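Chemist: Here it is, the structure, as structure tokens.
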Amino acid sequence: MRSCLITVLKMLVLGLETSCDETGVALYDTERGLLADALFSQVDIHVEYGGVVPELASRDHVRKTLPLVEQVLADSGCVADDIDGVAYTAGPGLMGALMVGATLARALAWGWGVPALGVHHMEGHLLAPMLEQEAPKFPFVALLVSGGHTQLVRVDGIGCYQLLGESLDDAAGEAFDKAAKMLGLPYPGGPHIARMALDGDPERFDFPRPMVNRPGLDFSFSGLKTYTLNTVANCSRDAALSEQDRCDIARAFEEAVVATLVIKCRRALRQEALNTLVMAGGVSANTNLRHALEKALVKEGARVFYPAPAYCTDNGAMIAYAGAQRLMAGQADNEETQVRPRWPMEELPPLSQPEKC
């Protein structure tokens with residue numbers, strides 16, 4: 001990424017998201033907002049394998065991305081000549097999947113004579129609540145919680161990030177997937193766990209809240225995963241798991257994850273002396289987590305913001321928005337296409353220089 005001195009006041013940006021198993025394309029206008037977006041989920045492709053197969057993901061992005069670009073242009077009533085820049089997910093993610101989006105984005109930008117910019121996937125999630133009518137204001141604490149990441153970050157501005165804590169092993173979303181597999185539920189596990197938990201008995205099991213009695217803001221979900229496995233084994237020792245067994249275990253597991261996240265979020269807000277929390281990423285769509293955070297933060301005199309459910313999972317709208325902010329500040333790719341399967345968000349350049357940056 002490079003920066004130039006020229007900034008602009010208005011842009012129409014095409015955003016491409018191909019970091020994993022969802023192909024997202026969107027058009028964002030910095031004056032009019034989100035004009036159109038389209039998403040294709042590969043869940044049906046990967047479900048029989050119990051997780052994402054990288055090669056299959058890359059191949060499907062090749063098939064789906066350009067048709068979605070054409071769909072978004074048609075839905076928005078725009079044409080290629082209207083576009084001022086192209087943003088794409090450059091990392092973190094699956095190498096092959098990232099390369100598909102990066103190659104297409106750079107080719108389109110070159111053909112249209114506009115700048116291209118690689119966007120950090122988690123910055124896209126972090127900024128997704130900015131697409132809502134009532135957007136949070138800086139500074140705030142962000143909880144980024146998805147299949148690949150569980151992080152608490154202090155945010156003083158775009159690109160001004162301080163990592164406060166993260167998972168030392170499984171991310172929360174990954175833990176949901178593994179717990180679901182133990183219960184014989186399909187991939188992805190989070191929505192299935194949440195549905196079964198609705199019929200679970202909250203009094204039957206009390207799962208541990210990992211690392212909440214230790215200082216700091218890091219997470220660990222591997223022990224909770226082991227506890228779940230042992231509970232499943234105990235319940236199925238004499239007979240197969242009943243439907244009620246599965247519902248009760250799902251309820252206890254979900255409550256343990258939610259309680260852990262809430263405790264750490266409250267701790268982070270107190271530590272940073274802030275009263276605004278932003279929650280983003282696929283797990284942020286969990287209804288129980290939203291309700292628990294809202295209830296807990298009212299007691300702290302704080303508020304929580306999150307994206308609409310459609311923009312919690314991977315999507316092109318968040319990439320178009322994040323890319324537009326940086327493109328308007330004059331940032332753009334150089335001649336070399338670079339994707340980064342691993343990419344610490346703290347390495348991103350800030351758009352401004354708040355005191356904490």
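FYI, nothing fancy with the structure tokens labels: chains A, B, ... in order, residues from 1 per chain, ligands from 1 as they appear.
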Residues near segment 12-16 of chain A, anyone? I mean within 9 Å using only C-alpha atoms, not counting same-chain ones fewer than 4 positions away, as a VMD selection string.

Modeler: chain A and resid 23 to 31 65 69 82 to 89 101 to 102 104 to 105 315 to 324 327

Chemist: Any chance you could export the current selection's N, CA, C and O atoms as a compact mmCIF listing (two decimals), in the first residue's frame?

Modeler:
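Output file part-v3.txt follows:
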# COMPACT_ATOMS: atom_id res chain seq x y z
N THR A 23 -18.50 -15.26 -1.28
CA THR A 23 -18.13 -14.30 -2.30
C THR A 23 -19.04 -13.09 -2.16
O THR A 23 -20.26 -13.21 -2.32
N GLY A 24 -18.46 -11.94 -1.83
CA GLY A 24 -19.25 -10.73 -1.62
C GLY A 24 -18.80 -9.62 -2.55
O GLY A 24 -17.60 -9.40 -2.73
N VAL A 25 -19.76 -8.91 -3.12
CA VAL A 25 -19.48 -7.77 -4.00
C VAL A 25 -20.45 -6.66 -3.63
O VAL A 25 -21.62 -6.91 -3.37
N ALA A 26 -19.96 -5.42 -3.60
CA ALA A 26 -20.82 -4.29 -3.25
C ALA A 26 -20.32 -3.02 -3.90
O ALA A 26 -19.14 -2.90 -4.26
N LEU A 27 -21.22 -2.06 -4.03
CA LEU A 27 -20.89 -0.71 -4.50
C LEU A 27 -21.23 0.28 -3.39
O LEU A 27 -22.38 0.33 -2.93
N TYR A 28 -20.23 1.05 -2.98
CA TYR A 28 -20.43 2.04 -1.92
C TYR A 28 -20.11 3.43 -2.46
O TYR A 28 -19.03 3.66 -3.02
N ASP A 29 -21.04 4.34 -2.29
CA ASP A 29 -20.87 5.74 -2.68
C ASP A 29 -20.66 6.57 -1.42
O ASP A 29 -21.48 6.49 -0.50
N THR A 30 -19.60 7.33 -1.35
CA THR A 30 -19.27 8.06 -0.12
C THR A 30 -20.27 9.18 0.17
O THR A 30 -20.27 9.69 1.29
N GLU A 31 -21.11 9.54 -0.78
CA GLU A 31 -22.16 10.52 -0.52
C GLU A 31 -23.51 9.86 -0.29
O GLU A 31 -24.26 10.25 0.61
N THR A 65 -17.37 -14.56 -8.75
CA THR A 65 -17.08 -13.15 -8.46
C THR A 65 -17.48 -12.22 -9.60
O THR A 65 -18.18 -11.22 -9.38
N VAL A 69 -20.22 -9.11 -9.76
CA VAL A 69 -19.89 -7.73 -10.14
C VAL A 69 -20.91 -7.21 -11.14
O VAL A 69 -21.44 -6.08 -11.01
N ASP A 82 -18.57 4.75 -14.14
CA ASP A 82 -18.92 5.50 -12.93
C ASP A 82 -17.97 5.20 -11.77
O ASP A 82 -17.89 5.98 -10.81
N ILE A 83 -17.29 4.08 -11.81
CA ILE A 83 -16.51 3.61 -10.67
C ILE A 83 -15.19 4.38 -10.54
O ILE A 83 -14.48 4.58 -11.52
N ASP A 84 -14.89 4.79 -9.31
CA ASP A 84 -13.69 5.59 -9.03
C ASP A 84 -12.56 4.79 -8.39
O ASP A 84 -11.44 5.28 -8.28
N GLY A 85 -12.86 3.58 -7.91
CA GLY A 85 -11.83 2.77 -7.27
C GLY A 85 -12.35 1.39 -6.97
O GLY A 85 -13.57 1.17 -6.91
N VAL A 86 -11.43 0.44 -6.81
CA VAL A 86 -11.79 -0.94 -6.52
C VAL A 86 -11.04 -1.37 -5.26
O VAL A 86 -9.82 -1.23 -5.16
N ALA A 87 -11.79 -1.87 -4.28
CA ALA A 87 -11.21 -2.40 -3.05
C ALA A 87 -11.43 -3.90 -2.99
O ALA A 87 -12.46 -4.40 -3.46
N TYR A 88 -10.47 -4.61 -2.44
CA TYR A 88 -10.58 -6.06 -2.34
C TYR A 88 -9.93 -6.52 -1.04
O TYR A 88 -9.09 -5.82 -0.47
N THR A 89 -10.32 -7.69 -0.56
CA THR A 89 -9.72 -8.24 0.65
C THR A 89 -8.34 -8.80 0.31
O THR A 89 -8.21 -9.72 -0.49
N GLY A 101 -9.73 -12.83 -5.62
CA GLY A 101 -10.28 -11.49 -5.52
C GLY A 101 -9.28 -10.42 -5.90
O GLY A 101 -9.62 -9.43 -6.58
N ALA A 102 -8.03 -10.59 -5.45
CA ALA A 102 -7.00 -9.59 -5.74
C ALA A 102 -6.73 -9.50 -7.23
O ALA A 102 -6.62 -8.40 -7.80
N LEU A 104 -8.69 -10.34 -9.81
CA LEU A 104 -9.82 -9.74 -10.53
C LEU A 104 -9.92 -8.24 -10.24
O LEU A 104 -10.12 -7.44 -11.17
N ALA A 105 -9.78 -7.87 -8.98
CA ALA A 105 -9.89 -6.45 -8.62
C ALA A 105 -8.84 -5.61 -9.33
O ALA A 105 -9.13 -4.53 -9.87
N ASN A 315 -18.75 -10.07 3.78
CA ASN A 315 -19.57 -9.40 2.78
C ASN A 315 -18.77 -8.34 2.04
O ASN A 315 -17.75 -7.85 2.53
N GLY A 316 -19.22 -7.99 0.86
CA GLY A 316 -18.53 -6.99 0.06
C GLY A 316 -18.75 -5.58 0.54
O GLY A 316 -17.91 -4.70 0.31
N ALA A 317 -19.87 -5.33 1.24
CA ALA A 317 -20.18 -3.96 1.67
C ALA A 317 -19.12 -3.43 2.63
O ALA A 317 -18.70 -2.27 2.53
N MET A 318 -18.68 -4.25 3.57
CA MET A 318 -17.69 -3.79 4.54
C MET A 318 -16.35 -3.50 3.86
O MET A 318 -15.62 -2.58 4.27
N ILE A 319 -16.01 -4.27 2.82
CA ILE A 319 -14.76 -4.04 2.10
C ILE A 319 -14.86 -2.77 1.26
O ILE A 319 -13.91 -1.98 1.20
N ALA A 320 -16.01 -2.56 0.64
CA ALA A 320 -16.20 -1.34 -0.14
C ALA A 320 -16.12 -0.11 0.75
O ALA A 320 -15.51 0.91 0.39
N TYR A 321 -16.74 -0.19 1.93
CA TYR A 321 -16.72 0.96 2.85
C TYR A 321 -15.31 1.24 3.35
O TYR A 321 -14.82 2.38 3.29
N ALA A 322 -14.64 0.20 3.86
CA ALA A 322 -13.29 0.38 4.39
C ALA A 322 -12.34 0.87 3.29
O ALA A 322 -11.51 1.76 3.52
N GLY A 323 -12.47 0.29 2.10
CA GLY A 323 -11.63 0.72 1.00
C GLY A 323 -11.88 2.15 0.60
O GLY A 323 -10.94 2.90 0.29
N ALA A 324 -13.15 2.56 0.63
CA ALA A 324 -13.48 3.94 0.25
C ALA A 324 -12.82 4.95 1.18
O ALA A 324 -12.33 6.00 0.73
N LEU A 327 -9.08 4.96 0.17
CA LEU A 327 -8.89 5.51 -1.17
C LEU A 327 -9.11 7.01 -1.18
O LEU A 327 -8.39 7.76 -1.85

Chemist: Could you give me, as a PyMOL selection string, each residue of segment 48-284 of chain A that DSSP assigns to strand (DSSP E or B) when run on this structure's backbone?

Modeler: chain A and resi 85-91+116-120+140-145+150-157+160-167+219+276-280

Chemist: Convert the current residue selection to file output with N, CA and C atoms, as a tab-separated table (two decimals), in the first residue's frame.

Modeler:
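As written to disk, selection.tsv reads:
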chain	number	residue	atom	x	y	z
A	85	GLY	N	-12.86	3.58	-7.91
A	85	GLY	CA	-11.83	2.77	-7.27
A	85	GLY	C	-12.35	1.39	-6.97
A	86	VAL	N	-11.43	0.44	-6.81
A	86	VAL	CA	-11.79	-0.94	-6.52
A	86	VAL	C	-11.04	-1.37	-5.26
A	87	ALA	N	-11.79	-1.87	-4.28
A	87	ALA	CA	-11.21	-2.40	-3.05
A	87	ALA	C	-11.43	-3.90	-2.99
A	88	TYR	N	-10.47	-4.61	-2.44
A	88	TYR	CA	-10.58	-6.06	-2.34
A	88	TYR	C	-9.93	-6.52	-1.04
A	89	THR	N	-10.32	-7.69	-0.56
A	89	THR	CA	-9.72	-8.24	0.65
A	89	THR	C	-8.34	-8.80	0.31
A	90	ALA	N	-7.32	-8.24	0.95
A	90	ALA	CA	-5.94	-8.69	0.73
A	90	ALA	C	-5.45	-9.61	1.84
A	91	GLY	N	-6.22	-9.79	2.89
A	91	GLY	CA	-5.85	-10.65	4.00
A	91	GLY	C	-6.53	-10.16	5.26
A	116	ALA	N	-6.65	0.71	-7.25
A	116	ALA	CA	-7.09	-0.47	-6.50
A	116	ALA	C	-6.43	-0.43	-5.13
A	117	LEU	N	-7.08	-1.05	-4.16
A	117	LEU	CA	-6.53	-1.06	-2.80
A	117	LEU	C	-6.89	-2.36	-2.10
A	118	GLY	N	-5.87	-3.03	-1.55
A	118	GLY	CA	-6.10	-4.21	-0.73
A	118	GLY	C	-6.51	-3.82	0.67
A	119	VAL	N	-7.62	-4.38	1.16
A	119	VAL	CA	-8.21	-4.03	2.45
A	119	VAL	C	-7.98	-5.16	3.44
A	120	HIS	N	-7.76	-4.80	4.69
A	120	HIS	CA	-7.64	-5.80	5.76
A	120	HIS	C	-9.03	-6.31	6.12
A	140	PHE	N	-13.46	3.82	20.64
A	140	PHE	CA	-14.28	2.76	21.20
A	140	PHE	C	-13.45	1.49	21.33
A	141	VAL	N	-14.00	0.52	22.05
A	141	VAL	CA	-13.42	-0.83	22.11
A	141	VAL	C	-14.20	-1.69	21.13
A	142	ALA	N	-13.48	-2.47	20.34
A	142	ALA	CA	-14.12	-3.38	19.38
A	142	ALA	C	-13.90	-4.83	19.80
A	143	LEU	N	-14.97	-5.60	19.77
A	143	LEU	CA	-14.90	-7.05	19.93
A	143	LEU	C	-15.06	-7.65	18.54
A	144	LEU	N	-13.99	-8.23	18.02
A	144	LEU	CA	-14.03	-8.89	16.71
A	144	LEU	C	-14.12	-10.38	16.95
A	145	VAL	N	-15.24	-10.96	16.60
A	145	VAL	CA	-15.50	-12.34	17.01
A	145	VAL	C	-16.09	-13.10	15.81
A	150	THR	N	-10.89	-13.95	17.58
A	150	THR	CA	-11.56	-13.38	18.74
A	150	THR	C	-10.58	-12.39	19.34
A	151	GLN	N	-10.87	-11.11	19.19
A	151	GLN	CA	-9.95	-10.06	19.60
A	151	GLN	C	-10.71	-8.90	20.25
A	152	LEU	N	-10.07	-8.27	21.21
A	152	LEU	CA	-10.52	-7.00	21.74
A	152	LEU	C	-9.50	-5.95	21.32
A	153	VAL	N	-9.98	-4.87	20.72
A	153	VAL	CA	-9.10	-3.86	20.14
A	153	VAL	C	-9.57	-2.47	20.57
A	154	ARG	N	-8.64	-1.64	20.99
A	154	ARG	CA	-8.96	-0.23	21.21
A	154	ARG	C	-8.83	0.48	19.86
A	155	VAL	N	-9.87	1.26	19.51
A	155	VAL	CA	-9.91	1.93	18.21
A	155	VAL	C	-10.03	3.43	18.45
A	156	ASP	N	-8.99	4.17	18.06
A	156	ASP	CA	-9.02	5.63	18.19
A	156	ASP	C	-9.25	6.33	16.87
A	157	GLY	N	-9.31	5.59	15.80
A	157	GLY	CA	-9.56	6.13	14.47
A	157	GLY	C	-9.27	5.03	13.47
A	160	CYS	N	-5.91	3.24	13.54
A	160	CYS	CA	-5.28	3.50	14.84
A	160	CYS	C	-5.80	2.46	15.84
A	161	TYR	N	-5.12	1.31	15.87
A	161	TYR	CA	-5.61	0.15	16.59
A	161	TYR	C	-4.58	-0.32	17.61
A	162	GLN	N	-5.09	-0.69	18.78
A	162	GLN	CA	-4.24	-1.27	19.82
A	162	GLN	C	-4.87	-2.58	20.27
A	163	LEU	N	-4.17	-3.67	20.06
A	163	LEU	CA	-4.69	-4.98	20.46
A	163	LEU	C	-4.66	-5.09	21.98
A	164	LEU	N	-5.83	-5.35	22.57
A	164	LEU	CA	-5.94	-5.47	24.02
A	164	LEU	C	-5.92	-6.92	24.48
A	165	GLY	N	-6.46	-7.80	23.67
A	165	GLY	CA	-6.50	-9.21	24.03
A	165	GLY	C	-7.00	-10.03	22.86
A	166	GLU	N	-6.66	-11.32	22.85
A	166	GLU	CA	-7.08	-12.20	21.77
A	166	GLU	C	-7.12	-13.64	22.26
A	167	SER	N	-7.70	-14.51	21.44
A	167	SER	CA	-7.76	-15.92	21.82
A	167	SER	C	-6.38	-16.55	21.70
A	219	PHE	N	-8.35	-14.60	25.65
A	219	PHE	CA	-9.39	-15.64	25.68
A	219	PHE	C	-8.76	-17.00	25.46
A	276	THR	N	-18.17	2.97	24.83
A	276	THR	CA	-18.72	2.50	23.56
A	276	THR	C	-18.03	1.21	23.15
A	277	LEU	N	-18.84	0.19	22.87
A	277	LEU	CA	-18.33	-1.09	22.38
A	277	LEU	C	-18.89	-1.34	20.99
A	278	VAL	N	-18.03	-1.75	20.08
A	278	VAL	CA	-18.45	-2.19	18.75
A	278	VAL	C	-18.20	-3.69	18.66
A	279	MET	N	-19.20	-4.44	18.24
A	279	MET	CA	-19.06	-5.89	18.08
A	279	MET	C	-19.29	-6.22	16.61
A	280	ALA	N	-18.37	-6.99	16.01
A	280	ALA	CA	-18.48	-7.33	14.61
A	280	ALA	C	-17.90	-8.71	14.36

Chemist: Determine, for each residue of segment 130-232 of chain A having at least one atom at most 9 Å from an atom of segment 45-50 of chain A, the closest pair of atoms and their separation in Å to one decimal, counting only C-alpha atoms; order by chain and ascending number, as JSON lines.

Modeler:
{"residue": "A:Asp177", "atom": "CA", "partner": "A:Gly50", "partner_atom": "CA", "distance": 8.7}
{"residue": "A:Lys181", "atom": "CA", "partner": "A:Gly50", "partner_atom": "CA", "distance": 7.8}
{"residue": "A:Pro186", "atom": "CA", "partner": "A:Val47", "partner_atom": "CA", "distance": 6.6}
{"residue": "A:Tyr187", "atom": "CA", "partner": "A:Val47", "partner_atom": "CA", "distance": 5.3}
{"residue": "A:Pro188", "atom": "CA", "partner": "A:Val47", "partner_atom": "CA", "distance": 7.4}

Chemist: Output N, CA and C atoms for every residue in that selection, as an mmCIF file, in the first residue's frame.

Modeler:
data_model
loop_
_atom_site.group_PDB
_atom_site.id
_atom_site.type_symbol
_atom_site.label_atom_id
_atom_site.label_comp_id
_atom_site.auth_asym_id
_atom_site.auth_seq_id
_atom_site.Cartn_x
_atom_site.Cartn_y
_atom_site.Cartn_z
ATOM 1 N N ASP A 177 -18.153 -24.264 15.995
ATOM 2 C CA ASP A 177 -18.153 -25.296 14.956
ATOM 3 C C ASP A 177 -17.764 -26.657 15.520
ATOM 4 N N LYS A 181 -20.045 -30.105 15.938
ATOM 5 C CA LYS A 181 -19.646 -31.402 15.384
ATOM 6 C C LYS A 181 -19.770 -32.505 16.434
ATOM 7 N N PRO A 186 -24.529 -29.987 11.670
ATOM 8 C CA PRO A 186 -23.759 -29.666 10.464
ATOM 9 C C PRO A 186 -22.968 -28.366 10.594
ATOM 10 N N TYR A 187 -22.057 -28.179 9.656
ATOM 11 C CA TYR A 187 -21.265 -26.954 9.530
ATOM 12 C C TYR A 187 -22.078 -25.922 8.739
ATOM 13 N N PRO A 188 -21.973 -24.628 9.071
ATOM 14 C CA PRO A 188 -21.284 -24.033 10.224
ATOM 15 C C PRO A 188 -22.105 -24.194 11.493
#

Chemist: Please provide as a VMD selection string all residues within 8 Å of Asp245 of chain A, with the sequence filter that same-chain residues fewer than 4 positions apart are discarded (counting only C-alpha atoms).

Modeler: chain A and resid 235 241 249

Chemist: Go ahead and dump the residues you just picked, N, CA and C atoms, as a PDB file, in the first residue's frame.

Modeler:
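Contents of part25.pdb, freshly written:
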ATOM      1  N   CYS A 235     -22.877 -38.300  28.794  1.00  0.00           N
ATOM      2  CA  CYS A 235     -24.304 -38.439  28.503  1.00  0.00           C
ATOM      3  C   CYS A 235     -24.598 -39.613  27.571  1.00  0.00           C
ATOM      4  N   LEU A 241     -26.984 -40.075  22.557  1.00  0.00           N
ATOM      5  CA  LEU A 241     -27.463 -38.762  22.991  1.00  0.00           C
ATOM      6  C   LEU A 241     -28.907 -38.559  22.558  1.00  0.00           C
ATOM      7  N   ILE A 249     -26.847 -29.428  26.273  1.00  0.00           N
ATOM      8  CA  ILE A 249     -25.413 -29.167  26.110  1.00  0.00           C
ATOM      9  C   ILE A 249     -25.196 -27.915  25.256  1.00  0.00           C
TER      10      ILE A 249
END

Chemist: Give me the residues near Arg209 of chain A as a PyMOL selection string, where near means some atom within 10 Å (using only C-alpha atoms) and where sequence neighbours in that chain fewer than 6 positions away do not count.

Modeler: chain A and resi 219-221+223-224+253+255-261+263

Chemist: Would you put the residues from that selection into a file with C-alpha atoms, as an mmCIF file, in the first residue's frame?

Modeler:
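The new file selection_12.cif reads:
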data_model
loop_
_atom_site.group_PDB
_atom_site.id
_atom_site.type_symbol
_atom_site.label_atom_id
_atom_site.label_comp_id
_atom_site.auth_asym_id
_atom_site.auth_seq_id
_atom_site.Cartn_x
_atom_site.Cartn_y
_atom_site.Cartn_z
ATOM 1 C CA PHE A 219 -9.388 -15.636 25.681
ATOM 2 C CA SER A 220 -9.089 -19.414 25.584
ATOM 3 C CA PHE A 221 -11.800 -21.769 24.362
ATOM 4 C CA GLY A 223 -10.703 -26.070 27.667
ATOM 5 C CA LEU A 224 -14.384 -25.363 27.095
ATOM 6 C CA PHE A 253 -21.995 -24.210 25.795
ATOM 7 C CA GLU A 255 -24.085 -19.521 27.717
ATOM 8 C CA ALA A 256 -20.459 -20.160 28.676
ATOM 9 C CA VAL A 257 -19.123 -18.503 25.511
ATOM 10 C CA VAL A 258 -21.499 -15.551 25.819
ATOM 11 C CA ALA A 259 -20.727 -14.997 29.501
ATOM 12 C CA THR A 260 -16.979 -15.121 28.828
ATOM 13 C CA LEU A 261 -17.204 -12.563 26.029
ATOM 14 C CA ILE A 263 -17.062 -10.355 31.113
#

Chemist: Rounded to one decimal in Å, what is the spacing between atom CA of Ala179 of chain A and atom CA of Arg251 of chain A?

Modeler: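 Between atom CA of Ala179 of chain A and atom CA of Arg251 of chain A the gap works out to 11.3 Å.
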
Chemist: Compare A:Pro309, A:Gly77, A:Gly93, A:Pro54 by their minimum atom-to-atom distance to Arg342 of chain A, counting only C-alpha atoms, and give me the closest one.

Modeler: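 Going through A:Pro309, A:Gly77, A:Gly93, A:Pro54 one by one, the smallest distance to Arg342 of chain A is for A:Gly93.
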
Chemist: If we count only C-alpha atoms, what is near segment 191-204 of chain A at a cut-off of 8 Å, once residues fewer than 3 positions away on the same chain are taken out, given as a compact mmCIF listing (two decimals) with all heavy atoms, in the first residue's frame?

Modeler:
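The file below, out.txt, is the result:
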# COMPACT_ATOMS: atom_id res chain seq x y z
N PHE A 176 -17.53 -22.90 18.37
CA PHE A 176 -18.92 -23.23 18.06
C PHE A 176 -18.98 -24.36 17.03
O PHE A 176 -19.77 -25.31 17.17
CB PHE A 176 -19.66 -22.00 17.52
CG PHE A 176 -20.35 -21.19 18.57
CD1 PHE A 176 -19.85 -19.96 18.97
CD2 PHE A 176 -21.54 -21.63 19.14
CE1 PHE A 176 -20.49 -19.20 19.94
CE2 PHE A 176 -22.20 -20.88 20.10
CZ PHE A 176 -21.67 -19.66 20.51
N ALA A 180 -20.50 -28.06 17.77
CA ALA A 180 -21.60 -28.55 16.95
C ALA A 180 -21.29 -29.92 16.36
O ALA A 180 -22.15 -30.81 16.31
CB ALA A 180 -21.88 -27.55 15.82
N LEU A 185 -24.14 -31.94 14.68
CA LEU A 185 -24.79 -30.86 13.94
C LEU A 185 -23.92 -30.48 12.75
O LEU A 185 -22.70 -30.58 12.79
CB LEU A 185 -25.00 -29.65 14.84
CG LEU A 185 -25.86 -29.90 16.09
CD1 LEU A 185 -25.89 -28.66 16.97
CD2 LEU A 185 -27.27 -30.30 15.69
N PRO A 186 -24.53 -29.99 11.67
CA PRO A 186 -23.76 -29.67 10.46
C PRO A 186 -22.97 -28.37 10.59
O PRO A 186 -23.18 -27.57 11.51
CB PRO A 186 -24.83 -29.55 9.38
CG PRO A 186 -26.09 -29.22 10.11
CD PRO A 186 -25.99 -29.88 11.45
N PRO A 188 -21.97 -24.63 9.07
CA PRO A 188 -21.28 -24.03 10.22
C PRO A 188 -22.10 -24.19 11.49
O PRO A 188 -23.33 -24.16 11.47
CB PRO A 188 -21.16 -22.56 9.82
CG PRO A 188 -22.31 -22.32 8.90
CD PRO A 188 -22.55 -23.60 8.17
N GLN A 244 -32.92 -34.02 23.76
CA GLN A 244 -32.87 -33.10 24.90
C GLN A 244 -31.45 -32.96 25.43
O GLN A 244 -31.04 -31.87 25.84
CB GLN A 244 -33.80 -33.58 26.01
CG GLN A 244 -34.00 -32.54 27.12
CD GLN A 244 -34.59 -31.25 26.59
OE1 GLN A 244 -35.60 -31.25 25.89
NE2 GLN A 244 -33.95 -30.11 26.91
N ARG A 246 -28.77 -33.04 23.68
CA ARG A 246 -28.07 -32.13 22.75
C ARG A 246 -28.51 -30.69 22.97
O ARG A 246 -27.68 -29.78 22.94
CB ARG A 246 -28.34 -32.55 21.30
CG ARG A 246 -27.79 -33.96 20.99
CD ARG A 246 -27.60 -34.17 19.51
NE ARG A 246 -28.83 -34.05 18.75
CZ ARG A 246 -28.89 -33.90 17.42
NH1 ARG A 246 -27.77 -33.83 16.72
NH2 ARG A 246 -30.05 -33.84 16.81
N CYS A 247 -29.78 -30.48 23.19
CA CYS A 247 -30.28 -29.12 23.45
C CYS A 247 -29.68 -28.56 24.75
O CYS A 247 -29.27 -27.38 24.81
CB CYS A 247 -31.80 -29.11 23.54
SG CYS A 247 -32.64 -29.40 21.97
N ASP A 248 -29.62 -29.38 25.78
CA ASP A 248 -29.09 -28.92 27.08
C ASP A 248 -27.59 -28.60 26.98
O ASP A 248 -27.12 -27.61 27.56
CB ASP A 248 -29.32 -30.00 28.14
CG ASP A 248 -30.80 -30.22 28.44
OD1 ASP A 248 -31.62 -29.37 28.05
OD2 ASP A 248 -31.13 -31.26 29.04
N ILE A 249 -26.85 -29.43 26.27
CA ILE A 249 -25.41 -29.17 26.11
C ILE A 249 -25.20 -27.92 25.26
O ILE A 249 -24.33 -27.08 25.56
CB ILE A 249 -24.72 -30.40 25.48
CG1 ILE A 249 -24.76 -31.58 26.45
CG2 ILE A 249 -23.28 -30.08 25.10
CD1 ILE A 249 -24.31 -32.90 25.84
N ALA A 250 -25.98 -27.77 24.21
CA ALA A 250 -25.87 -26.57 23.37
C ALA A 250 -26.15 -25.32 24.19
O ALA A 250 -25.45 -24.31 24.05
CB ALA A 250 -26.85 -26.67 22.20
N ARG A 251 -27.17 -25.39 25.05
CA ARG A 251 -27.51 -24.23 25.89
C ARG A 251 -26.36 -23.88 26.83
O ARG A 251 -25.96 -22.71 26.95
CB ARG A 251 -28.77 -24.56 26.69
CG ARG A 251 -29.22 -23.50 27.70
CD ARG A 251 -29.76 -22.26 27.00
NE ARG A 251 -30.29 -21.28 27.93
CZ ARG A 251 -31.60 -21.15 28.20
NH1 ARG A 251 -32.49 -21.94 27.62
NH2 ARG A 251 -32.01 -20.23 29.05
N ALA A 252 -25.79 -24.89 27.48
CA ALA A 252 -24.70 -24.65 28.43
C ALA A 252 -23.46 -24.12 27.72
O ALA A 252 -22.78 -23.22 28.22
CB ALA A 252 -24.38 -25.94 29.18
N GLU A 254 -23.31 -22.45 24.77
CA GLU A 254 -23.53 -21.08 24.30
C GLU A 254 -23.47 -20.09 25.45
O GLU A 254 -22.86 -19.01 25.34
CB GLU A 254 -24.88 -20.98 23.59
CG GLU A 254 -25.14 -19.58 23.01
CD GLU A 254 -26.51 -19.47 22.39
OE1 GLU A 254 -27.51 -19.77 23.09
OE2 GLU A 254 -26.60 -19.07 21.22
N ASN A 286 -25.13 -13.58 16.82
CA ASN A 286 -25.77 -14.40 17.85
C ASN A 286 -26.70 -13.54 18.72
O ASN A 286 -26.25 -12.60 19.37
CB ASN A 286 -24.69 -15.07 18.71
CG ASN A 286 -25.27 -16.01 19.74
OD1 ASN A 286 -25.81 -15.58 20.76
ND2 ASN A 286 -25.15 -17.30 19.50

Chemist: Segment 293-305 of chain A: which residues within 8 Å, counting only C-alpha atoms, same-chain residues fewer than 2 positions away excluded, as a list in words?

Modeler: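 Final neighbour list, sorted by chain and number: Pro129, Ala135, Pro136, Val262, Arg266, Leu274, Asn275, Thr276, Leu277, Val278, Met279, Leu289, Arg290, His291 and Pro307 of chain A.
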
Chemist: From a DSSP calculation on the backbone, collect every residue of segment 142-354 of chain A in alpha helix (DSSP H) and output the set as a ChimeraX atom specification.

Modeler: /A:172-182,189-197,222-235,243-272,287-299,316-328

Chemist: Using only C-alpha atoms, which residue out of A:Ala109, A:Leu66, A:Cys20, A:Ala74 lies closest to Ala332 of chain A?

Modeler: A:Ala109

Chemist: Counting only C-alpha atoms, which residue out of A:Leu94, A:Met122, A:Ala107, A:Leu217 sits closest to Arg267 of chain A?

Modeler: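 Distance minimum relative to Arg267 of chain A lands on A:Leu217.
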
Chemist: Between A:Asp206, A:Asp333, A:Asp37, A:Glu243, which is the closest to Gln71 of chain A once you count only C-alpha atoms?

Modeler: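 Smallest distance to Gln71 of chain A is found for A:Asp37.
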
Chemist: Interatomic distance between atom CA of Lys225 of chain A and atom CA of Lys178 of chain A?

Modeler: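 Between atom CA of Lys225 of chain A and atom CA of Lys178 of chain A the gap works out to 7.4 Å.
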
Chemist: So that I can check the surroundings of Asp81 of chain A, please list as a list in words every protein, DNA and RNA residue that reaches within 10 Å of it, counting only C-alpha atoms and ignoring chain neighbours fewer than 3 positions away.

Modeler: Cys78, Asp84, Trp112, Gly113 and Val114 of chain A

Chemist: Rank A:Val43, A:Ser19, A:Glu123, A:Glu70 by their smallest atom-to-atom distance to Pro344 of chain A, using only C-alpha atoms, and report the top residue only.

Modeler: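 Of A:Val43, A:Ser19, A:Glu123, A:Glu70, the one nearest Pro344 of chain A is A:Glu123, counting only C-alpha atoms.
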
Chemist: Which is closest to Phe207 of chain A among A:Cys265, A:Leu39, A:Val339, A:Thr226, if we use only C-alpha atoms?

Modeler: A:Thr226
